[in-house]
file upload26.txt (compact mmCIF, C-alpha atoms (C1' of nucleotides))
# COMPACT_ATOMS: atom_id res chain seq x y z
CA MET A 1059 5.33 10.97 -0.09
CA ASP A 1060 2.24 12.50 -1.07
CA GLY A 1061 0.22 12.42 2.01
CA CYS A 1062 -2.64 13.99 0.30
CA SER A 1063 -1.81 17.58 -0.10
CA GLY A 1064 -2.12 17.34 -3.79
CA THR A 1065 -5.69 17.49 -4.74
CA SER A 1066 -4.73 15.99 -8.01
CA GLU A 1067 -4.16 12.66 -6.48
CA VAL A 1068 -3.88 9.81 -8.83
CA PRO A 1069 -6.27 7.22 -7.51
CA ALA A 1070 -4.20 4.42 -6.23
CA MET A 1071 -4.23 1.36 -8.27
CA VAL A 1072 -6.27 -0.96 -6.23
CA VAL A 1073 -4.57 -4.22 -6.51
CA GLY A 1074 -6.37 -7.34 -7.26
CA GLY A 1075 -8.31 -7.95 -10.35
CA GLY A 1076 -11.95 -8.66 -10.44
CA ALA A 1077 -11.23 -11.99 -8.94
CA ALA A 1078 -13.81 -12.46 -6.29
CA GLY A 1079 -11.70 -14.54 -4.00
CA THR A 1080 -9.06 -11.92 -3.52
CA PRO A 1081 -10.10 -8.87 -1.62
CA ALA A 1082 -6.71 -7.43 -2.37
CA ALA A 1083 -6.43 -5.43 0.76
CA SER A 1084 -5.18 -1.95 0.25
CA ARG A 1085 -4.14 -1.70 3.83
CA TRP A 1086 -3.45 -4.12 6.62
CA ASN A 1087 -6.43 -5.24 8.57
CA PRO A 1088 -5.49 -6.95 11.80
CA THR A 1089 -7.30 -10.04 12.97
CA LYS A 1090 -8.75 -10.33 16.43
CA GLU A 1091 -5.91 -12.54 17.49
CA GLN A 1092 -3.35 -10.08 16.25
CA ILE A 1093 -4.97 -7.16 18.00
CA ASP A 1094 -5.32 -9.17 21.15
CA MET A 1095 -1.67 -10.02 21.13
CA LEU A 1096 -0.57 -6.51 20.35
CA GLU A 1097 -2.71 -5.04 23.09
CA ASN A 1098 -1.38 -7.61 25.43
CA LEU A 1099 2.15 -6.57 24.68
CA TYR A 1100 1.19 -2.97 25.15
CA ARG A 1101 -0.36 -3.80 28.49
CA GLN A 1102 2.85 -5.45 29.50
CA GLY A 1103 4.59 -2.17 29.04
CA LEU A 1104 5.91 -2.36 25.54
CA ARG A 1105 5.63 1.04 23.98
CA THR A 1106 8.17 1.44 21.24
CA PRO A 1107 9.59 -1.87 20.17
CA THR A 1108 13.01 -1.96 18.64
CA ALA A 1109 13.64 -3.29 15.19
CA ASP A 1110 14.48 -6.66 16.63
CA GLN A 1111 11.35 -6.79 18.70
CA ILE A 1112 9.28 -5.76 15.74
CA GLN A 1113 10.79 -8.55 13.75
CA GLU A 1114 10.06 -11.02 16.48
CA ILE A 1115 6.49 -9.88 16.96
CA THR A 1116 5.83 -9.81 13.26
CA GLY A 1117 7.02 -13.34 12.90
CA ARG A 1118 4.72 -14.57 15.59
CA LEU A 1119 1.73 -12.68 14.31
CA GLN A 1120 2.18 -14.03 10.84
CA THR A 1121 0.68 -17.31 11.95
CA TYR A 1122 -2.64 -15.51 12.28
CA GLY A 1123 -2.55 -13.73 8.99
CA HIS A 1124 -0.54 -11.61 6.68
CA ILE A 1125 1.39 -8.89 8.43
CA GLU A 1126 4.56 -6.94 7.91
CA GLY A 1127 7.03 -5.27 10.17
CA LYS A 1128 5.81 -1.81 9.36
CA ASN A 1129 2.32 -2.76 10.45
CA VAL A 1130 3.59 -3.59 13.89
CA PHE A 1131 5.65 -0.46 13.95
CA TYR A 1132 2.71 1.75 13.01
CA TRP A 1133 0.39 -0.03 15.39
CA PHE A 1134 2.51 0.83 18.37
CA GLN A 1135 3.09 4.35 17.21
CA ASN A 1136 -0.59 4.96 16.74
CA HIS A 1137 -1.73 3.18 19.84
CA LYS A 1138 0.61 5.10 22.04
CA ALA A 1139 -0.11 8.42 20.39
CA ARG A 1140 -3.84 7.97 20.69
CA GLN A 1141 -3.65 6.85 24.23
CA ARG A 1142 -1.80 9.99 25.00
CA GLN A 1143 -4.26 12.03 23.06
CA LYS A 1144 -7.10 10.51 25.01
CA GLU A 1145 -5.55 11.58 28.23
CA LYS A 1146 -5.17 15.07 26.96
CA GLN A 1147 -8.79 15.10 26.01
CA ASP A 1148 -9.84 13.93 29.43
CA HIS A 1149 -7.95 16.66 31.14
CA LEU A 1150 -9.25 19.19 28.72
CA SER A 1151 -12.89 18.41 29.17
CA LEU A 1152 -13.21 18.52 32.90
CA PHE A 1153 -10.43 20.53 34.31
CA ARG A 1154 -10.05 19.53 37.87
CA GLN A 1155 -9.63 22.52 40.05
CA TYR A 1156 -7.91 20.16 42.38
CA ASN A 1157 -4.48 18.96 41.67
CA HIS A 1158 -4.16 18.14 38.04
CA HIS A 1159 -2.50 14.95 37.17
CA HIS A 1160 1.17 15.27 36.90
CA ARG A 1161 2.25 13.47 33.78
CA HIS A 1162 5.98 13.67 33.93
CA LEU A 1163 6.27 16.72 31.79
CA HIS A 1164 9.75 17.61 32.70
CA GLN A 1165 10.15 21.13 31.67
CA PRO A 1166 13.52 22.67 32.08
CA PRO A 1167 13.41 26.00 33.88
CA PHE A 1168 13.74 27.77 30.62
CA VAL A 1169 13.06 25.69 27.64
CA HIS A 1170 14.88 26.12 24.49
CA ILE A 1171 13.03 28.35 22.12
CA PRO A 1172 13.14 26.28 19.00
CA PRO A 1173 16.04 27.95 17.29
CA PRO A 1174 15.87 25.63 14.36
CA PRO A 1175 19.01 23.96 13.26
CA ASN A 1176 20.72 27.26 13.04
CA GLY A 1177 23.67 25.47 14.35
CA PRO A 1178 26.12 24.27 11.83
CA TYR A 1179 23.87 24.79 8.91
CA PHE A 1180 22.44 28.15 8.19
CA MET B 398 -9.95 7.89 19.02
CA ASP B 399 -10.83 10.50 16.69
CA GLY B 400 -8.05 11.91 14.72
CA CYS B 401 -9.50 14.46 12.48
CA SER B 402 -13.21 14.37 12.60
CA GLY B 403 -14.78 17.44 13.98
CA THR B 404 -16.37 15.96 17.02
CA SER B 405 -14.80 18.26 19.47
CA GLU B 406 -12.26 20.26 17.73
CA VAL B 407 -9.41 20.95 20.00
CA PRO B 408 -7.74 23.91 18.50
CA ALA B 409 -4.19 23.44 19.40
CA MET B 410 -2.17 26.53 19.71
CA VAL B 411 -2.45 27.38 16.11
CA VAL B 412 0.07 30.02 15.62
CA GLY B 413 -1.78 31.87 13.01
CA GLY B 414 -2.49 35.42 13.86
CA GLY B 415 -6.00 36.47 14.47
CA ALA B 416 -6.27 37.20 10.82
CA ALA B 417 -9.01 35.09 9.41
CA GLY B 418 -8.09 34.49 5.86
CA THR B 419 -4.67 33.09 6.54
CA PRO B 420 -4.55 29.34 6.56
CA ALA B 421 -1.70 29.77 8.97
CA ALA B 422 0.04 26.64 7.97
CA SER B 423 1.38 25.11 11.12
CA ARG B 424 3.84 23.10 9.19
CA TRP B 425 5.36 23.13 5.79
CA ASN B 426 3.28 21.55 3.10
CA PRO B 427 5.41 20.75 0.12
CA THR B 428 3.98 21.12 -3.34
CA LYS B 429 4.27 18.49 -5.96
CA GLU B 430 6.93 20.42 -7.77
CA GLN B 431 8.97 20.84 -4.63
CA ILE B 432 8.81 17.16 -3.81
CA ASP B 433 9.64 16.27 -7.34
CA MET B 434 12.71 18.41 -7.28
CA LEU B 435 13.83 17.19 -3.91
CA GLU B 436 13.47 13.59 -4.94
CA ASN B 437 15.33 14.34 -8.07
CA LEU B 438 18.23 15.72 -6.12
CA TYR B 439 18.14 12.71 -3.88
CA ARG B 440 18.24 10.50 -6.91
CA GLN B 441 21.29 12.30 -8.09
CA GLY B 442 23.03 11.22 -4.96
CA LEU B 443 22.52 14.16 -2.68
CA ARG B 444 22.01 12.92 0.83
CA THR B 445 23.22 15.47 3.28
CA PRO B 446 23.34 18.88 1.69
CA THR B 447 25.66 21.45 3.14
CA ALA B 448 24.51 24.80 4.33
CA ASP B 449 25.31 26.29 0.98
CA GLN B 450 23.43 23.66 -0.90
CA ILE B 451 20.47 24.03 1.38
CA GLN B 452 20.40 27.72 0.74
CA GLU B 453 20.65 27.19 -2.96
CA ILE B 454 17.92 24.58 -3.04
CA THR B 455 15.67 26.60 -0.83
CA GLY B 456 16.00 29.56 -3.10
CA ARG B 457 14.96 27.61 -6.10
CA LEU B 458 12.09 25.88 -4.41
CA GLN B 459 10.70 29.17 -3.23
CA THR B 460 9.48 29.83 -6.72
CA TYR B 461 6.99 27.04 -6.22
CA GLY B 462 5.77 28.04 -2.83
CA HIS B 463 6.74 29.07 0.63
CA ILE B 464 9.63 27.10 2.01
CA GLU B 465 12.47 27.61 4.43
CA GLY B 466 15.92 26.22 4.79
CA LYS B 467 15.03 24.05 7.69
CA ASN B 468 12.36 22.35 5.63
CA VAL B 469 14.94 21.29 3.12
CA PHE B 470 17.24 20.22 5.86
CA TYR B 471 14.60 18.10 7.54
CA TRP B 472 13.38 16.69 4.28
CA PHE B 473 16.72 15.20 3.45
CA GLN B 474 17.18 13.88 6.94
CA ASN B 475 13.81 12.21 6.93
CA HIS B 476 13.96 10.92 3.41
CA LYS B 477 17.29 9.30 3.92
CA ALA B 478 16.31 7.75 7.22
CA ARG B 479 13.06 6.40 5.85
CA GLN B 480 14.57 5.09 2.72
CA ARG B 481 16.93 3.17 4.88
CA GLN B 482 14.12 1.82 7.00
CA LYS B 483 12.25 0.79 3.93
CA GLU B 484 15.13 -1.23 2.69
CA LYS B 485 15.43 -2.85 6.06
CA GLN B 486 11.79 -3.80 6.07
CA ASP B 487 11.82 -5.05 2.54
CA HIS B 488 14.69 -7.33 3.23
CA LEU B 489 13.55 -8.68 6.53
CA SER B 490 12.22 -12.17 6.81
CA LEU B 491 15.40 -14.04 6.36
CA PHE B 492 18.63 -13.76 8.20
CA ARG B 493 20.96 -10.90 7.84
CA GLN B 494 19.10 -8.17 9.60
CA TYR B 495 22.40 -6.69 10.40
CA ASN B 496 25.42 -5.77 8.45
CA HIS B 497 24.05 -5.60 5.02
CA HIS B 498 26.39 -4.55 2.33
CA HIS B 499 25.42 -0.96 1.98
CA ARG B 500 26.16 0.75 -1.20
CA HIS B 501 28.46 3.67 -0.88
CA LEU B 502 26.66 6.47 -2.52
CA HIS B 503 29.41 8.91 -2.82
CA GLN B 504 28.15 12.38 -2.70
CA PRO B 505 29.51 14.43 -5.49
CA PRO B 506 31.30 17.57 -4.36
CA PHE B 507 28.88 19.69 -6.23
CA VAL B 508 25.54 18.54 -7.32
CA HIS B 509 24.07 20.02 -10.36
CA ILE B 510 20.78 21.54 -9.51
CA PRO B 511 18.65 21.58 -12.60
CA PRO B 512 17.04 24.92 -13.22
CA PRO B 513 13.29 25.11 -13.02
CA PRO B 514 11.44 24.52 -16.26
CA ASN B 515 10.55 28.15 -16.61
CA GLY B 516 13.02 29.57 -14.21
CA PRO B 517 13.64 33.24 -13.83
CA TYR B 518 16.94 32.74 -15.52
CA PHE B 519 17.07 32.73 -19.26
C1' DA C 861 -27.14 4.42 0.77
C1' DG C 862 -24.65 8.11 3.01
C1' DA C 863 -22.69 9.87 7.34
C1' DT C 864 -19.68 8.92 11.18
C1' DT C 865 -16.10 6.73 13.69
C1' DA C 866 -11.93 4.04 14.31
C1' DT C 867 -7.56 3.34 12.84
C1' DG C 868 -3.69 2.29 9.38
C1' DA C 869 -0.39 4.99 6.98
C1' DA C 870 2.46 8.86 6.03
C1' DT C 871 5.47 12.55 7.01
C1' DG C 872 7.06 17.09 9.07
C1' DA C 873 9.38 18.28 13.10
C1' DA C 874 12.25 17.66 16.73
C1' DT C 875 15.61 15.60 20.07
C1' DG C 876 19.54 12.54 21.52
C1' DC D 118 22.39 9.49 11.94
C1' DA D 119 18.54 7.10 15.17
C1' DT D 120 14.62 7.52 17.36
C1' DT D 121 10.54 9.65 18.79
C1' DC D 122 6.43 12.72 18.82
C1' DA D 123 2.60 15.13 16.63
C1' DT D 124 -0.46 15.88 13.18
C1' DT D 125 -2.70 14.80 9.27
C1' DC D 126 -4.61 12.03 5.38
C1' DA D 127 -7.03 7.81 3.78
C1' DT D 128 -9.91 4.29 4.26
C1' DA D 129 -12.01 0.10 6.49
C1' DA D 130 -15.67 -0.52 9.81
C1' DT D 131 -19.69 0.72 11.65
C1' DC D 132 -23.94 3.17 12.52
C1' DT D 133 -28.23 5.34 11.17
call {"tool": "encode", "arguments": {"input": "upload26.txt", "output": "structure tokens"}}
result
Amino acid sequence: MDGCSGTSEVPAMVVGGGAAGTPAASRWNPTKEQIDMLENLYRQGLRTPTADQIQEITGRLQTYGHIEGKNVFYWFQNHKARQRQKEKQDHLSLFRQYNHHHRHLHQPPFVHIPPPPNGPYF
Amino acid sequence: MDGCSGTSEVPAMVVGGGAAGTPAASRWNPTKEQIDMLENLYRQGLRTPTADQIQEITGRLQTYGHIEGKNVFYWFQNHKARQRQKEKQDHLSLFRQYNHHHRHLHQPPFVHIPPPPNGPYF
DNA sequence: AGATTATGAATGAATG
DNA sequence: CATTCATTCATAATCT
């Protein structure tokens, strides 16, 4: 939970000694096969896999290299988010004076004005 | 996929007033002290603080920086949820993805909130 | 080598 | 309490 706000960040202890053979990855680096498979799943419509699906996928991808459940989880989160962001960018750059793409943005007639959890709490 | 680089900065609807100097934090950025204290409370067994407790905690944390009740509320929600997910992920691999014996962390009726090191009180 | 880009990771906020 | 979205930070990859 640090994110990075604190400027006084203790430099993470990079695992792995000076041993040359062990890169000691600080973060997961997917192999081509893994990416290919993940993108394939995404293409097939999978957007936010459930815990079970993540488990399943992780297990299969482990044959191509080290990978954990959270990596799969983050991959889908990021991929989806950035795909969405791309679309936003596209529409922002060249605003079509014609009909703008819909994008099911269901907006209730009058949206709730974020009255934060004032409900039972404050 | 950019993310943060300043290729084409898309200024979202930053709420900040026209005032220049104000960083206009769009979202709460906890300080180290605040996080430390929150984690400490969590360690002591506090999981879902009541409205009163939230108020109390918020008041104390305000000495370290700007913070609102909803931030405290959300922090506990998120921390608990993510701690749970972590445990799930750590113990994946083998069977028993379901129905793990969860420890009953009984929440004490009143949690002692340690006063700040140099608090305004004595 | 340093700058830039792509993307993994983290977390605040919100909704169901 | 779970699930999801958005934004940001950190860093591997890549380019120049």
call {"tool": "closest_atom_pairs", "arguments": {"input": "upload26.txt", "of": "chain C", "to": "chain B", "cutoff": "10 Å", "atoms": "only C-alpha atoms (C1' of nucleotides)", "output": "CSV"}}
result
residue,atom,partner,partner_atom,distance
C:DT864,C1',B:Ser402,CA,8.6
C:DT865,C1',B:Asp399,CA,7.1
C:DA866,C1',B:Met398,CA,6.4
C:DT867,C1',B:Met398,CA,8.0
C:DT871,C1',B:Asn475,CA,8.3
C:DG872,C1',B:Arg424,CA,6.8
C:DA873,C1',B:Tyr471,CA,7.6
C:DA874,C1',B:Tyr471,CA,9.5
call {"tool": "residues_around", "arguments": {"input": "upload26.txt", "residues": "range 451-466 of chain B", "least_positions_apart": "5", "cutoff": "7 Å", "atoms": "all atoms listed in the file", "output": "ChimeraX atom specification"}}
result
/B:425,430-431,446
call {"tool": "closest_atom_pairs", "arguments": {"input": "upload26.txt", "of": "chain D", "to": "chain A", "cutoff": "10 Å", "atoms": "all atoms listed in the file", "output": "CSV"}}
result
residue,atom,partner,partner_atom,distance
D:DT120,C1',A:Thr1106,CA,9.7
D:DT121,C1',A:Thr1106,CA,8.9
D:DC122,C1',A:Ala1139,CA,8.0
D:DA123,C1',A:Ala1139,CA,8.2
D:DT125,C1',A:Gly1061,CA,8.2
D:DC126,C1',A:Cys1062,CA,5.8
D:DA127,C1',A:Cys1062,CA,8.3
D:DT128,C1',A:Arg1085,CA,8.3
D:DA129,C1',A:Asn1087,CA,8.0
call {"tool": "closest_residue", "arguments": {"input": "upload26.txt", "among": "B:Leu443, B:Ala421, B:Lys477, B:Thr428", "to": "chain A", "atoms": "all atoms listed in the file"}}
result
B:Thr428
call {"tool": "atom_distance", "arguments": {"input": "upload26.txt", "atom1": "CA of Met434 in chain B", "atom2": "C1' of DA119 in chain D"}}
result
25.8 Å
call {"tool": "atom_distance", "arguments": {"input": "upload26.txt", "atom1": "CA of Phe470 in chain B", "atom2": "CA of Gly442 in chain B"}}
result
15.2 Å
call {"tool": "atom_distance", "arguments": {"input": "upload26.txt", "atom1": "CA of Glu484 in chain B", "atom2": "CA of Gln1111 in chain A"}}
result
17.4 Å
call {"tool": "decode", "arguments": {"input": "upload26.txt", "residues": "chain D", "atoms": "N, CA, C and O atoms (P, O5', C5', C4', C3', O3' and C1' of nucleotides)", "output": "mmCIF file, in the first residue's frame"}}
result
data_model
loop_
_atom_site.group_PDB
_atom_site.id
_atom_site.type_symbol
_atom_site.label_atom_id
_atom_site.label_comp_id
_atom_site.auth_asym_id
_atom_site.auth_seq_id
_atom_site.Cartn_x
_atom_site.Cartn_y
_atom_site.Cartn_z
ATOM 1 P P DC D 118 -17.722 -8.010 6.486
ATOM 2 O "O5'" DC D 118 -17.801 -8.343 4.934
ATOM 3 C "C5'" DC D 118 -18.713 -9.399 4.649
ATOM 4 C "C4'" DC D 118 -18.952 -9.455 3.171
ATOM 5 C "C3'" DC D 118 -17.682 -9.419 2.326
ATOM 6 O "O3'" DC D 118 -17.687 -10.581 1.492
ATOM 7 C "C1'" DC D 118 -19.304 -7.958 1.454
ATOM 8 P P DA D 119 -16.538 -10.842 0.417
ATOM 9 O "O5'" DA D 119 -17.249 -10.445 -0.957
ATOM 10 C "C5'" DA D 119 -18.066 -11.382 -1.641
ATOM 11 C "C4'" DA D 119 -18.116 -10.977 -3.107
ATOM 12 C "C3'" DA D 119 -16.741 -10.695 -3.659
ATOM 13 O "O3'" DA D 119 -16.259 -11.636 -4.624
ATOM 14 C "C1'" DA D 119 -18.168 -8.780 -3.930
ATOM 15 P P DT D 120 -16.912 -11.955 -5.978
ATOM 16 O "O5'" DT D 120 -17.103 -10.483 -6.606
ATOM 17 C "C5'" DT D 120 -18.296 -10.245 -7.371
ATOM 18 C "C4'" DT D 120 -18.163 -8.975 -8.177
ATOM 19 C "C3'" DT D 120 -16.999 -8.944 -9.163
ATOM 20 O "O3'" DT D 120 -17.529 -8.694 -10.455
ATOM 21 C "C1'" DT D 120 -17.090 -6.948 -7.912
ATOM 22 P P DT D 121 -16.550 -8.671 -11.724
ATOM 23 O "O5'" DT D 121 -16.511 -7.113 -12.063
ATOM 24 C "C5'" DT D 121 -17.710 -6.348 -11.973
ATOM 25 C "C4'" DT D 121 -17.372 -4.872 -12.072
ATOM 26 C "C3'" DT D 121 -16.292 -4.538 -13.099
ATOM 27 O "O3'" DT D 121 -16.803 -3.598 -14.045
ATOM 28 C "C1'" DT D 121 -15.878 -3.467 -11.024
ATOM 29 P P DC D 122 -15.968 -3.147 -15.285
ATOM 30 O "O5'" DC D 122 -15.584 -1.639 -14.922
ATOM 31 C "C5'" DC D 122 -16.595 -0.757 -14.472
ATOM 32 C "C4'" DC D 122 -15.964 0.570 -14.056
ATOM 33 C "C3'" DC D 122 -14.916 1.091 -15.044
ATOM 34 O "O3'" DC D 122 -15.109 2.482 -15.219
ATOM 35 C "C1'" DC D 122 -13.977 0.913 -12.876
ATOM 36 P P DA D 123 -14.331 3.263 -16.379
ATOM 37 O "O5'" DA D 123 -13.290 4.103 -15.519
ATOM 38 C "C5'" DA D 123 -13.786 4.867 -14.433
ATOM 39 C "C4'" DA D 123 -12.631 5.533 -13.699
ATOM 40 C "C3'" DA D 123 -11.580 6.105 -14.638
ATOM 41 O "O3'" DA D 123 -11.283 7.381 -14.167
ATOM 42 C "C1'" DA D 123 -10.582 4.621 -13.078
ATOM 43 P P DT D 124 -10.508 8.469 -14.954
ATOM 44 O "O5'" DT D 124 -9.109 8.502 -14.165
ATOM 45 C "C5'" DT D 124 -9.162 8.698 -12.770
ATOM 46 C "C4'" DT D 124 -7.874 8.263 -12.139
ATOM 47 C "C3'" DT D 124 -6.628 8.803 -12.842
ATOM 48 O "O3'" DT D 124 -5.967 9.634 -11.908
ATOM 49 C "C1'" DT D 124 -6.391 6.519 -12.264
ATOM 50 P P DT D 125 -4.780 10.591 -12.489
ATOM 51 O "O5'" DT D 125 -3.511 9.960 -11.748
ATOM 52 C "C5'" DT D 125 -3.636 9.496 -10.412
ATOM 53 C "C4'" DT D 125 -2.642 8.383 -10.147
ATOM 54 C "C3'" DT D 125 -1.222 8.668 -10.667
ATOM 55 O "O3'" DT D 125 -0.362 8.893 -9.566
ATOM 56 C "C1'" DT D 125 -1.923 6.414 -11.043
ATOM 57 P P DC D 126 1.141 9.391 -9.810
ATOM 58 O "O5'" DC D 126 1.966 8.086 -9.432
ATOM 59 C "C5'" DC D 126 1.657 7.383 -8.234
ATOM 60 C "C4'" DC D 126 2.383 6.043 -8.222
ATOM 61 C "C3'" DC D 126 3.866 6.141 -8.588
ATOM 62 O "O3'" DC D 126 4.615 5.290 -7.722
ATOM 63 C "C1'" DC D 126 2.791 4.619 -10.036
ATOM 64 P P DA D 127 6.222 5.286 -7.798
ATOM 65 O "O5'" DA D 127 6.571 3.970 -8.609
ATOM 66 C "C5'" DA D 127 5.765 2.816 -8.404
ATOM 67 C "C4'" DA D 127 6.405 1.613 -9.055
ATOM 68 C "C3'" DA D 127 7.895 1.750 -9.319
ATOM 69 O "O3'" DA D 127 8.490 0.469 -9.205
ATOM 70 C "C1'" DA D 127 6.729 1.646 -11.392
ATOM 71 P P DT D 128 10.083 0.338 -9.362
ATOM 72 O "O5'" DT D 128 10.188 -0.343 -10.786
ATOM 73 C "C5'" DT D 128 9.468 -1.557 -11.035
ATOM 74 C "C4'" DT D 128 9.464 -1.871 -12.521
ATOM 75 C "C3'" DT D 128 10.852 -1.830 -13.185
ATOM 76 O "O3'" DT D 128 10.932 -2.926 -14.071
ATOM 77 C "C1'" DT D 128 9.379 -0.544 -14.410
ATOM 78 P P DA D 129 12.331 -3.780 -14.062
ATOM 79 O "O5'" DA D 129 12.160 -4.695 -15.361
ATOM 80 C "C5'" DA D 129 11.016 -5.516 -15.471
ATOM 81 C "C4'" DA D 129 10.463 -5.474 -16.887
ATOM 82 C "C3'" DA D 129 11.496 -5.795 -17.964
ATOM 83 O "O3'" DA D 129 10.897 -6.631 -18.943
ATOM 84 C "C1'" DA D 129 10.521 -3.675 -18.389
ATOM 85 P P DA D 130 11.800 -7.245 -20.148
ATOM 86 O "O5'" DA D 130 11.415 -6.355 -21.420
ATOM 87 C "C5'" DA D 130 10.182 -5.706 -21.423
ATOM 88 C "C4'" DA D 130 9.944 -4.979 -22.726
ATOM 89 C "C3'" DA D 130 10.939 -5.253 -23.852
ATOM 90 O "O3'" DA D 130 10.213 -5.381 -25.055
ATOM 91 C "C1'" DA D 130 10.952 -2.931 -23.292
ATOM 92 P P DT D 131 11.005 -5.656 -26.410
ATOM 93 O "O5'" DT D 131 11.261 -4.189 -26.980
ATOM 94 C "C5'" DT D 131 10.156 -3.306 -27.149
ATOM 95 C "C4'" DT D 131 10.624 -1.913 -27.503
ATOM 96 C "C3'" DT D 131 11.648 -1.842 -28.642
ATOM 97 O "O3'" DT D 131 10.988 -1.353 -29.806
ATOM 98 C "C1'" DT D 131 12.105 -0.306 -26.875
ATOM 99 P P DC D 132 11.826 -1.060 -31.137
ATOM 100 O "O5'" DC D 132 12.173 0.497 -31.001
ATOM 101 C "C5'" DC D 132 11.139 1.395 -30.583
ATOM 102 C "C4'" DC D 132 11.691 2.811 -30.489
ATOM 103 C "C3'" DC D 132 12.590 3.216 -31.655
ATOM 104 O "O3'" DC D 132 12.234 4.513 -32.109
ATOM 105 C "C1'" DC D 132 13.716 3.549 -29.599
ATOM 106 P P DT D 133 12.825 5.048 -33.475
ATOM 107 O "O5'" DT D 133 13.960 6.027 -32.975
ATOM 108 C "C5'" DT D 133 13.621 7.102 -32.103
ATOM 109 C "C4'" DT D 133 14.885 7.835 -31.655
ATOM 110 C "C3'" DT D 133 15.905 7.991 -32.762
ATOM 111 O "O3'" DT D 133 16.124 9.353 -33.028
ATOM 112 C "C1'" DT D 133 16.921 7.193 -30.769
#
